[in-house]
Structures are given as C-alpha cells and as structure tokens.
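Taking it in order: structure first as structure tokens, then the write-up.
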Amino acid sequence: MSTAPEPPAFGPGPLDAIPESTAGATPAGRMTAERAVLRLARPYLGRLVGAGLLAAATEFAGLALMATATWLLMSAAGRPPLDRLTVAIVAVRALAISRGVFRYSERLAGHDAVLRMITDVRARVFATLAARRTVGHRSGDVLSRLVSDVEAVQDLLLRVLVPASAAALVGLVTVAGAALISPPAAGVLALGLFVAAVALPALATAVTRRSAAEVAPLRGALATDAVDLTHGAADLAAFGATGAALRAAEQRAGRLARLERRLAATGFAVDAAGVLIAGLTAAAVVLAALAADVSGVLTGVLAVGTLAAVEVALALVAAARQWTQLRPGLTRVAALLDADTPAPPAAVDPADRPTAGPHELRFVDVTVRYRVGAAPALDRVSVDLPPGRRIAVVGPSGAGKSTMAAVLTGAVRPTSGRVTLDDHDLSAYAEEELPRMVGGLLAEAYVFHATVRENLLLGRATADEEELTGATAAAGLLDWVRAQPAGWDTVVGEEGGQLSGGQRQRLALARALLAAAPVLVLDEPTEGLDPSAADSVLASALAAIPAGHSVLLISHRLSGLDELDEIVVLDGGRVIQRGRHAELVAAPGWYRDQWLLQAAAERGYLALVP
C-alpha cells in the first residue's frame, strides 16, 4: 500500500512545505520588496530624513571646499592684498571642519535610525518564522534570513537611499550655482551629471542584475551546507557521504566566488567609465566657460567643482550596484514581512472561549497536502477527542501520524476539512493562547543548552520543586537527576548533547507533563528507550495525566495501548482500522500483524501468525 509523505525534514524553500491552502499565488498589487521593507521605517522617518540632509551637507561642504580652495589658490597667484583672501581662508577652514562634523553626525543619525529599524525587522522576521512553526525551513536558511538578508535592509538605507538622495540634492544645487557663473557651462554640467547619475547607474543595474539575483540564494545554501556539515558530521561519516556533501558545498562556494568576481569586474569597469565621464564633463565645462568669456579664476573653479560634483553623482552608481545585489535578500525578507496567510474564521468571542478545564476536539474530514499535486499526508481523517478520552494513532512510517499532531497543535493548516476545539475552528484561537489548551511532546522536541530545571520550567514557569519531582518521576528521569552532582542545575548541553537519546526524550516528556495541557499530544514519548523501560514510562506518564484531560498518543510500538479508549490505524494518510486494542488484535489486518511481529521480536524469536 502506498504511503503519504510526512512533513519533509528539509526543504528547498520557505513555502515548499506549507500546505497548499496557505501557499497561494501572489496577489495582484502586492507591495514591492522595497515598499514592504520601508513601511517599517515610518516611525524613524524623521531620523532618516535628518541623516539624508546631513549626508547632503557633508557632500556640499566637500564640493564647496574644493571650489573655494581652487579660487583661493588661483587668486593668490596674482598676489592681491591679503584682506581680499581672508574670507576665503576662513571659509576653507570652516568647510574642512564642518565636513568632518557633518559626516560624523550623519553616520550617528543614520545608524541610530537604521539599527532601531533593524531590531524591528529582525523581530518581525523571527515572529513570522515562529508563527509558521516552520515546517520545511532548514536552520542554515533561517540563519541566513535572520542575519544576511536582514542586513540587506540596513544597507538599503545606509548605502543606497541616503547617499542617493544626498547626491541628487547636491547635483541640483551645483547646477544652480554653475548657472550663476555661466549658463552654458551649467547646461554641460547638467548633461554630465545626468549621464553619471542616471545613465551609468541604469547600465550598472542592467549588467549586474542576473548575477546579483543568484548571490543571496547561494549564500543561504552555503549557510545550510555549513550547518549540515558541522551538525551532521557524524551521520555523514557513518553513511560515507562526507565527500559528496563537501563536493556539493564546494561547487556552490565556487559558483558564488565566480559570481562575486564577475560582479567585482563589472564594478571596476563601471567605475572606470565614471572616471572617464568626470574628466570629459570637466573638459566640456571648461570649453563652454571659455567660449562664454568667463574669467580664468572662475573657469578653474568650474572645472574643479565639476570634478567634485560628478564624483558625488557617481555615488548613485555605487548605490544602484548595491541595490541590485541587495534586492534578492530584500525580496526574501519582504516575503516574510508581507507573507500571505489564509483569512482565519471570525475570532472566538472571549465570553464563549473557555480558558481552563476540559476541551472537546474534533477532526472532520481533514485533508492535508504539502505540495500541489502530491499525495495527501492526511486524507479525509475524522477523529473525536472529547474531554477525558485517550486515543492512540499508530501506523507505518509515512502514514501521516506526525502530520496529524502538527494539525492538532496548529503548526499545519488543513487543505480541506475542519479541526475544531469546543466547536470553534482551531485557527480562531490566538497563537499565544492555543498552546495553553493543546500541547505536549512533539516530534524532535528541542532541548535547550540550559539546566534541567530551566528546560522543565518552559512547561510551567511557576512550578515548584515538588511538581518538578512529580513530572520527572512520571517520565522516568528522576533517578538520573538525583544521581547528578548538580541535580536540577545540571547543564544538558546544546540540543541536549550531554544526554542520551532516551534521556532527552524523557526530559521533553517531563516538560510536557508539567505543562498539563487539557488536550495533550504525545508523539513517540518512549522513543529511544528499551522495551521494558518504554512500557514503564508510558504507563506512569498516562497515570500522571489529570482526569478529564484528553490524550492523543502517537506511537510505533503497540505495547501498552490496551487501556486506551480507541486506537486509530493510519496508512497512506487514511484511517484503515479503528477500535480498542482487544478488537484490533482479534481482527485480521495491519494492527494484528504488527502486534504479533513486535511481540515476537521483543521475546527474541519470530512467531507464526495463526
């Protein structure tokens, strides 16, 4: 019988593993990446405008410094009276000092605004990823989004918008000043500035767009490779796959290096063209000024001022090139800031929403597909879980058991059908409220690099030592905790690295029991334990669950399920059997076959199926 896929452990992109109901097509009129990001800058608009004006003042002070110094040197060559040069001498000193002051103030104001904004953006990105419960995101890709891609927002403001706006403002002021000396020379200068500030940036964008679009995804892939090669080193070595993984990473690194070299070469060529444009514009301005009978001193001022003005305008080339390289990262961030989510049903009225006590949960013809056209992970599954009822979900790997748990906890939304809690759609409950009513031990529960006590208190922050003792005893971990020199303050290491697999699972189980959600999900709570210990831990855990709390137990092992109210057998995402343990063992089918095989294996021999 074919099996439906479980949620993929790895996925190539952020939307690949989201059910089709949540990964709809992009709507018309969706905001561009820049608008989606910049709308978060509204609270800091005053600071950003101030930074832009300070940047313009810095560039204008530099240009005025060059022009004034040129006038001073050329005028001094004629040996005029000193009093004619005094104002220029003071102006040169003032402009030199003010340029440094303006630059420092601009950096201070700009970084203050941007770092405040980046804090908001990173928090929003993290919250979006957390709200999705991120089935299918790879940790390296998530890290790239939180670090490299979010830093693209910083560069968009500091290296694109601020310098571009400053260059545009200084260019207008420079042309206006040149027009006071010689309108023909001002016209030539305006043409040169147009080429340097508009045509050349457009050219730079066109020749770098395709290569730059590949850089951000490649960096994300390399971050994923780094995580896989370090965290998965033992598994790769065990299966002889280290060489293949290294070669794949090296190929991506080589591709990234080639792209970056190509971008650098293109940048060098564009910069060289900018220098040529500056020289040609200065020469043309000098010829226009001489043709208009402008004095030699002012002609020199126009020439040097032109070189300085075009240099400022060439900042737009760098900004355009930077924008092209940043845009893929901005698009990835914008996809999270402006992600589509299905419209939830009307929120539950707080007066109708019980905050404590028993809850009734129902699956009604629930279907889940992770990709369009793929086989359903769940196919029209219906289950009732009233208060106090205990149900086990069993089946072969890939049957849809973990998907069912993910739907129950809100991590995955159904493609069709309904999941209701107390007759209200599950999606109507607030994200921070649902875990207090539906929670437990999910697949690959995370153990933090902290103490045993701190990991347990995530389940219930107000728990005292007596409650910690009860939960760890029910999970079969209390003897180990008492045997440690530091007791509850024993540090378990990153991802529980100082614990065995069974100890990590029991720690996570104790945390789930401590949380005591009214609807408790236990996904393979005895994984990693030997059969006798698994039976003991499962029995004590079920006994520790308060009366009136319902339980959904997911397990590969069939031992210890005889006291449960119902057992649901999944295969290929469909319910193929259901009933109590005694009924299923007596009837031909998957459950009886597996029961006999597991019983025989645990006794050390194979039994014949009657």
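Labeling convention for the structure tokens: chains A, B, ... as they appear, residues from 1 per chain, ligands from 1 in order of appearance.
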Next on the checklist: Which residues are close to segment 292-295 of chain A, i.e. within 10 Å by only C-alpha atoms, leaving aside same-chain residues fewer than 4 positions away? Reply as an MDAnalysis selection string.
Outcome noted: chainID A and resid 181:185 286:288 299:302
Val368 of chain A surroundings by only C-alpha atoms, 6 Å radius, close-in-sequence under 2 positions cut, as an mmCIF file with N, CA, C and O atoms, in the first residue's frame:
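Written output follows (selection_30.cif):
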```cif
data_model
loop_
_atom_site.group_PDB
_atom_site.id
_atom_site.type_symbol
_atom_site.label_atom_id
_atom_site.label_comp_id
_atom_site.auth_asym_id
_atom_site.auth_seq_id
_atom_site.Cartn_x
_atom_site.Cartn_y
_atom_site.Cartn_z
ATOM 1 N N PRO A 376 -1.825 13.098 -0.562
ATOM 2 C CA PRO A 376 -2.173 13.744 0.709
ATOM 3 C C PRO A 376 -1.464 13.081 1.884
ATOM 4 O O PRO A 376 -1.363 11.850 1.953
ATOM 5 N N ALA A 377 -0.971 13.905 2.804
ATOM 6 C CA ALA A 377 -0.399 13.372 4.038
ATOM 7 C C ALA A 377 -1.499 12.884 4.964
ATOM 8 O O ALA A 377 -1.301 11.949 5.745
ATOM 9 N N LEU A 378 -2.652 13.544 4.907
ATOM 10 C CA LEU A 378 -3.873 13.074 5.570
ATOM 11 C C LEU A 378 -4.997 13.134 4.551
ATOM 12 O O LEU A 378 -5.103 14.105 3.789
ATOM 13 N N PRO A 414 -5.138 22.577 7.680
ATOM 14 C CA PRO A 414 -5.694 21.599 6.739
ATOM 15 C C PRO A 414 -5.919 22.214 5.360
ATOM 16 O O PRO A 414 -6.267 23.383 5.237
ATOM 17 N N THR A 415 -5.722 21.402 4.333
ATOM 18 C CA THR A 415 -6.078 21.827 2.984
ATOM 19 C C THR A 415 -7.587 21.871 2.837
ATOM 20 O O THR A 415 -8.144 22.756 2.188
#
```
Item to check | Polymer residues at most 7 Å from Leu95 of chain A, only C-alpha atoms, same-chain spacing of 3 or more positions, as a VMD selection string | outcome: chain A and resid 61 65 91 to 92 98 to 99
Item to check | Spatial neighbours of Gly52 of chain A, max dist 9 Å, only C-alpha atoms, sep filter under 2 positions, as a ChimeraX atom specification | outcome: /A:47-50,54-57,106,110,161-166
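Of the residues listed (A:Ser550, A:Thr420, A:Ser555, A:Ser382), A:Ser555 shows the shortest atom-to-atom separation from Ala443 of chain A; distances use only C-alpha atoms.
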Checklist entry - Tell me, which residues of segment 72-285 of chain A carry DSSP alpha helix (DSSP H), written as a PyMOL selection string? => result chain A and resi 72-76+83-131+139-144+150-155+162-181+183-194+200-231+233-238+242-285
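Computed from the coordinates, the atom CA of Asp225 of chain A to atom CA of Val153 of chain A distance equals 24.2 Å.
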Next on the checklist: Restricting the calculation to only C-alpha atoms: of A:Val364, A:Leu40, A:Val312, A:Ala257, which residue gets closest to Thr58 of chain A?
Outcome noted: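 With only C-alpha atoms as the atom set, the closest residue is A:Val312.
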Item to check | Selection near Gln251 of chain A, 12 Å with only C-alpha atoms, sequence-local residues under 6 positions removed, as a list in words | outcome: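 Selected residues are Leu218, Ala221, Leu222, Asp225, Ala244, Ala245, Ala257 and Arg258 of chain A.
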Checklist entry - Can you tell me, as a PyMOL selection string, what residues are no more than 8 Å from Trp488 of chain A when counting only C-alpha atoms, ignoring any on the same chain fewer than 3 positions away? => result chain A and resi 451-453+481-482
Keeping N, CA and C atoms for every residue in the selection just given, could you write it to a file as a PDB file, in the first residue's frame?
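This went into selection27.pdb:
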```pdb
ATOM      1  N   THR A 451      19.979  24.354  32.037  1.00  0.00           N
ATOM      2  CA  THR A 451      19.912  23.337  33.082  1.00  0.00           C
ATOM      3  C   THR A 451      18.642  22.501  32.937  1.00  0.00           C
ATOM      4  N   VAL A 452      18.614  21.384  33.666  1.00  0.00           N
ATOM      5  CA  VAL A 452      17.418  20.548  33.683  1.00  0.00           C
ATOM      6  C   VAL A 452      16.227  21.369  34.184  1.00  0.00           C
ATOM      7  N   ARG A 453      16.437  22.140  35.244  1.00  0.00           N
ATOM      8  CA  ARG A 453      15.349  22.944  35.803  1.00  0.00           C
ATOM      9  C   ARG A 453      14.826  23.946  34.769  1.00  0.00           C
ATOM     10  N   VAL A 481      18.366  12.430  37.573  1.00  0.00           N
ATOM     11  CA  VAL A 481      18.562  13.795  38.082  1.00  0.00           C
ATOM     12  C   VAL A 481      19.186  13.753  39.471  1.00  0.00           C
ATOM     13  N   ARG A 482      18.690  12.876  40.329  1.00  0.00           N
ATOM     14  CA  ARG A 482      19.226  12.795  41.683  1.00  0.00           C
ATOM     15  C   ARG A 482      20.651  12.272  41.715  1.00  0.00           C
TER      16      ARG A 482
END
```
Near segment 314-335 of chain A, 12 Å: segment 155-199 of chain A residue rows, closest pairs, only C-alpha atoms, as a tab-separated table:
```
residue	atom	partner	partner_atom	distance
A:Asp155	CA	A:Leu326	CA	7.7
A:Leu156	CA	A:Trp323	CA	6.6
A:Leu157	CA	A:Trp323	CA	9.9
A:Leu158	CA	A:Ala319	CA	9.5
A:Arg159	CA	A:Ala319	CA	6.1
A:Val160	CA	A:Ala319	CA	4.4
A:Leu161	CA	A:Ala319	CA	7.6
A:Val162	CA	A:Ala319	CA	9.2
A:Pro163	CA	A:Ala315	CA	6.6
A:Ala164	CA	A:Leu316	CA	5.3
A:Ser165	CA	A:Leu316	CA	8.7
A:Ala166	CA	A:Ala315	CA	9.2
A:Ala167	CA	A:Ala315	CA	6.7
A:Ala168	CA	A:Leu316	CA	8.3
A:Leu169	CA	A:Leu316	CA	11.7
A:Val170	CA	A:Ala315	CA	11.4
A:Gly171	CA	A:Leu314	CA	10.6
A:Gly192	CA	A:Leu314	CA	10.8
A:Leu193	CA	A:Leu314	CA	8.6
A:Phe194	CA	A:Leu314	CA	10.3
A:Val195	CA	A:Leu314	CA	9.6
A:Ala196	CA	A:Leu314	CA	5.8
A:Ala197	CA	A:Leu316	CA	5.6
A:Val198	CA	A:Leu316	CA	7.8
A:Ala199	CA	A:Val317	CA	9.1
```
Next, write the just-selected residues to a file, as a PDB file, in the first residue's frame, keeping N, CA and C atoms as the atom set.
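selection.pdb was written with the following content:
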```pdb
ATOM      1  N   ASP A 155      21.671  47.963   4.642  1.00  0.00           N
ATOM      2  CA  ASP A 155      22.435  48.503   3.513  1.00  0.00           C
ATOM      3  C   ASP A 155      21.536  49.285   2.555  1.00  0.00           C
ATOM      4  N   LEU A 156      20.283  48.872   2.424  1.00  0.00           N
ATOM      5  CA  LEU A 156      19.370  49.608   1.549  1.00  0.00           C
ATOM      6  C   LEU A 156      19.249  51.064   1.992  1.00  0.00           C
ATOM      7  N   LEU A 157      19.194  51.292   3.292  1.00  0.00           N
ATOM      8  CA  LEU A 157      19.049  52.654   3.797  1.00  0.00           C
ATOM      9  C   LEU A 157      20.371  53.406   3.796  1.00  0.00           C
ATOM     10  N   LEU A 158      21.419  52.780   4.346  1.00  0.00           N
ATOM     11  CA  LEU A 158      22.684  53.490   4.544  1.00  0.00           C
ATOM     12  C   LEU A 158      23.536  53.582   3.287  1.00  0.00           C
ATOM     13  N   ARG A 159      23.422  52.611   2.386  1.00  0.00           N
ATOM     14  CA  ARG A 159      24.303  52.588   1.214  1.00  0.00           C
ATOM     15  C   ARG A 159      23.578  52.862  -0.093  1.00  0.00           C
ATOM     16  N   VAL A 160      22.262  52.974  -0.025  1.00  0.00           N
ATOM     17  CA  VAL A 160      21.506  53.232  -1.253  1.00  0.00           C
ATOM     18  C   VAL A 160      20.698  54.517  -1.114  1.00  0.00           C
ATOM     19  N   LEU A 161      19.720  54.534  -0.223  1.00  0.00           N
ATOM     20  CA  LEU A 161      18.790  55.661  -0.187  1.00  0.00           C
ATOM     21  C   LEU A 161      19.434  56.949   0.309  1.00  0.00           C
ATOM     22  N   VAL A 162      20.178  56.873   1.430  1.00  0.00           N
ATOM     23  CA  VAL A 162      20.784  58.098   1.986  1.00  0.00           C
ATOM     24  C   VAL A 162      21.797  58.708   1.026  1.00  0.00           C
ATOM     25  N   PRO A 163      22.802  57.940   0.531  1.00  0.00           N
ATOM     26  CA  PRO A 163      23.750  58.567  -0.402  1.00  0.00           C
ATOM     27  C   PRO A 163      23.112  58.980  -1.720  1.00  0.00           C
ATOM     28  N   ALA A 164      22.116  58.224  -2.194  1.00  0.00           N
ATOM     29  CA  ALA A 164      21.476  58.599  -3.457  1.00  0.00           C
ATOM     30  C   ALA A 164      20.721  59.913  -3.324  1.00  0.00           C
ATOM     31  N   SER A 165      19.978  60.070  -2.236  1.00  0.00           N
ATOM     32  CA  SER A 165      19.244  61.321  -2.042  1.00  0.00           C
ATOM     33  C   SER A 165      20.192  62.494  -1.853  1.00  0.00           C
ATOM     34  N   ALA A 166      21.294  62.266  -1.131  1.00  0.00           N
ATOM     35  CA  ALA A 166      22.282  63.334  -0.940  1.00  0.00           C
ATOM     36  C   ALA A 166      22.914  63.733  -2.264  1.00  0.00           C
ATOM     37  N   ALA A 167      23.261  62.741  -3.107  1.00  0.00           N
ATOM     38  CA  ALA A 167      23.885  63.044  -4.397  1.00  0.00           C
ATOM     39  C   ALA A 167      22.923  63.815  -5.297  1.00  0.00           C
ATOM     40  N   ALA A 168      21.643  63.421  -5.301  1.00  0.00           N
ATOM     41  CA  ALA A 168      20.674  64.132  -6.131  1.00  0.00           C
ATOM     42  C   ALA A 168      20.515  65.579  -5.686  1.00  0.00           C
ATOM     43  N   LEU A 169      20.453  65.816  -4.382  1.00  0.00           N
ATOM     44  CA  LEU A 169      20.281  67.174  -3.873  1.00  0.00           C
ATOM     45  C   LEU A 169      21.503  68.033  -4.166  1.00  0.00           C
ATOM     46  N   VAL A 170      22.687  67.481  -3.962  1.00  0.00           N
ATOM     47  CA  VAL A 170      23.918  68.246  -4.226  1.00  0.00           C
ATOM     48  C   VAL A 170      24.051  68.552  -5.708  1.00  0.00           C
ATOM     49  N   GLY A 171      23.644  67.592  -6.564  1.00  0.00           N
ATOM     50  CA  GLY A 171      23.725  67.836  -8.003  1.00  0.00           C
ATOM     51  C   GLY A 171      22.867  69.017  -8.428  1.00  0.00           C
ATOM     52  N   GLY A 192      26.402  66.157 -18.057  1.00  0.00           N
ATOM     53  CA  GLY A 192      27.366  65.216 -17.490  1.00  0.00           C
ATOM     54  C   GLY A 192      26.847  64.550 -16.229  1.00  0.00           C
ATOM     55  N   LEU A 193      26.176  65.338 -15.379  1.00  0.00           N
ATOM     56  CA  LEU A 193      25.612  64.757 -14.156  1.00  0.00           C
ATOM     57  C   LEU A 193      24.491  63.765 -14.481  1.00  0.00           C
ATOM     58  N   PHE A 194      23.713  64.052 -15.542  1.00  0.00           N
ATOM     59  CA  PHE A 194      22.663  63.112 -15.939  1.00  0.00           C
ATOM     60  C   PHE A 194      23.264  61.777 -16.365  1.00  0.00           C
ATOM     61  N   VAL A 195      24.333  61.847 -17.159  1.00  0.00           N
ATOM     62  CA  VAL A 195      24.986  60.597 -17.589  1.00  0.00           C
ATOM     63  C   VAL A 195      25.535  59.841 -16.382  1.00  0.00           C
ATOM     64  N   ALA A 196      26.194  60.582 -15.455  1.00  0.00           N
ATOM     65  CA  ALA A 196      26.819  59.932 -14.302  1.00  0.00           C
ATOM     66  C   ALA A 196      25.792  59.445 -13.290  1.00  0.00           C
ATOM     67  N   ALA A 197      24.678  60.169 -13.133  1.00  0.00           N
ATOM     68  CA  ALA A 197      23.725  59.856 -12.065  1.00  0.00           C
ATOM     69  C   ALA A 197      22.536  59.031 -12.523  1.00  0.00           C
ATOM     70  N   VAL A 198      22.278  58.970 -13.846  1.00  0.00           N
ATOM     71  CA  VAL A 198      21.111  58.240 -14.341  1.00  0.00           C
ATOM     72  C   VAL A 198      21.516  57.144 -15.318  1.00  0.00           C
ATOM     73  N   ALA A 199      22.199  57.509 -16.388  1.00  0.00           N
ATOM     74  CA  ALA A 199      22.523  56.532 -17.425  1.00  0.00           C
ATOM     75  C   ALA A 199      23.487  55.456 -16.912  1.00  0.00           C
TER      76      ALA A 199
END
```
Residues of segment 351-451 of chain A that have any atom at most 9 Å from an atom of segment 492-513 of chain A: could you tabulate them with the shortest-distance atom pair and the distance in Å to one decimal, using only C-alpha atoms, ordered by chain and increasing number, as a tab-separated table?
```
residue	atom	partner	partner_atom	distance
A:Gly439	CA	A:Ala512	CA	7.5
A:Gly440	CA	A:Ala512	CA	4.6
A:Leu441	CA	A:Ala512	CA	5.6
A:Leu442	CA	A:Ala508	CA	8.9
A:Glu444	CA	A:Gln505	CA	8.5
A:Ala445	CA	A:Ala508	CA	6.4
A:Tyr446	CA	A:Glu495	CA	6.4
A:Val447	CA	A:Glu495	CA	4.9
A:Phe448	CA	A:Glu495	CA	5.4
A:His449	CA	A:Glu494	CA	4.2
A:Ala450	CA	A:Val492	CA	6.1
A:Thr451	CA	A:Val492	CA	5.9
```
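A straight line drawn from atom CA of Leu307 of chain A to atom CA of Ala51 of chain A is 24.5 Å long.
The nearest approach to Val114 of chain A among the residues A:Val150, A:Val297, A:Leu458, A:Val310, with only C-alpha atoms taken into account, belongs to A:Val150.
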Item to check | Residue contacts of Ser211 of chain A (8 Å, only C-alpha atoms) excluding same-chain residues fewer than 4 positions away, as a list of chain:residue names | outcome: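 Selected residues are A:Val215, A:Leu259, A:Arg262, A:Leu263.
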Checklist entry - Rounded to one decimal in Å, what is the spacing between atom CA of Arg209 of chain A and atom CA of Ala264 of chain A? => result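 A separation of 13.0 Å between them.
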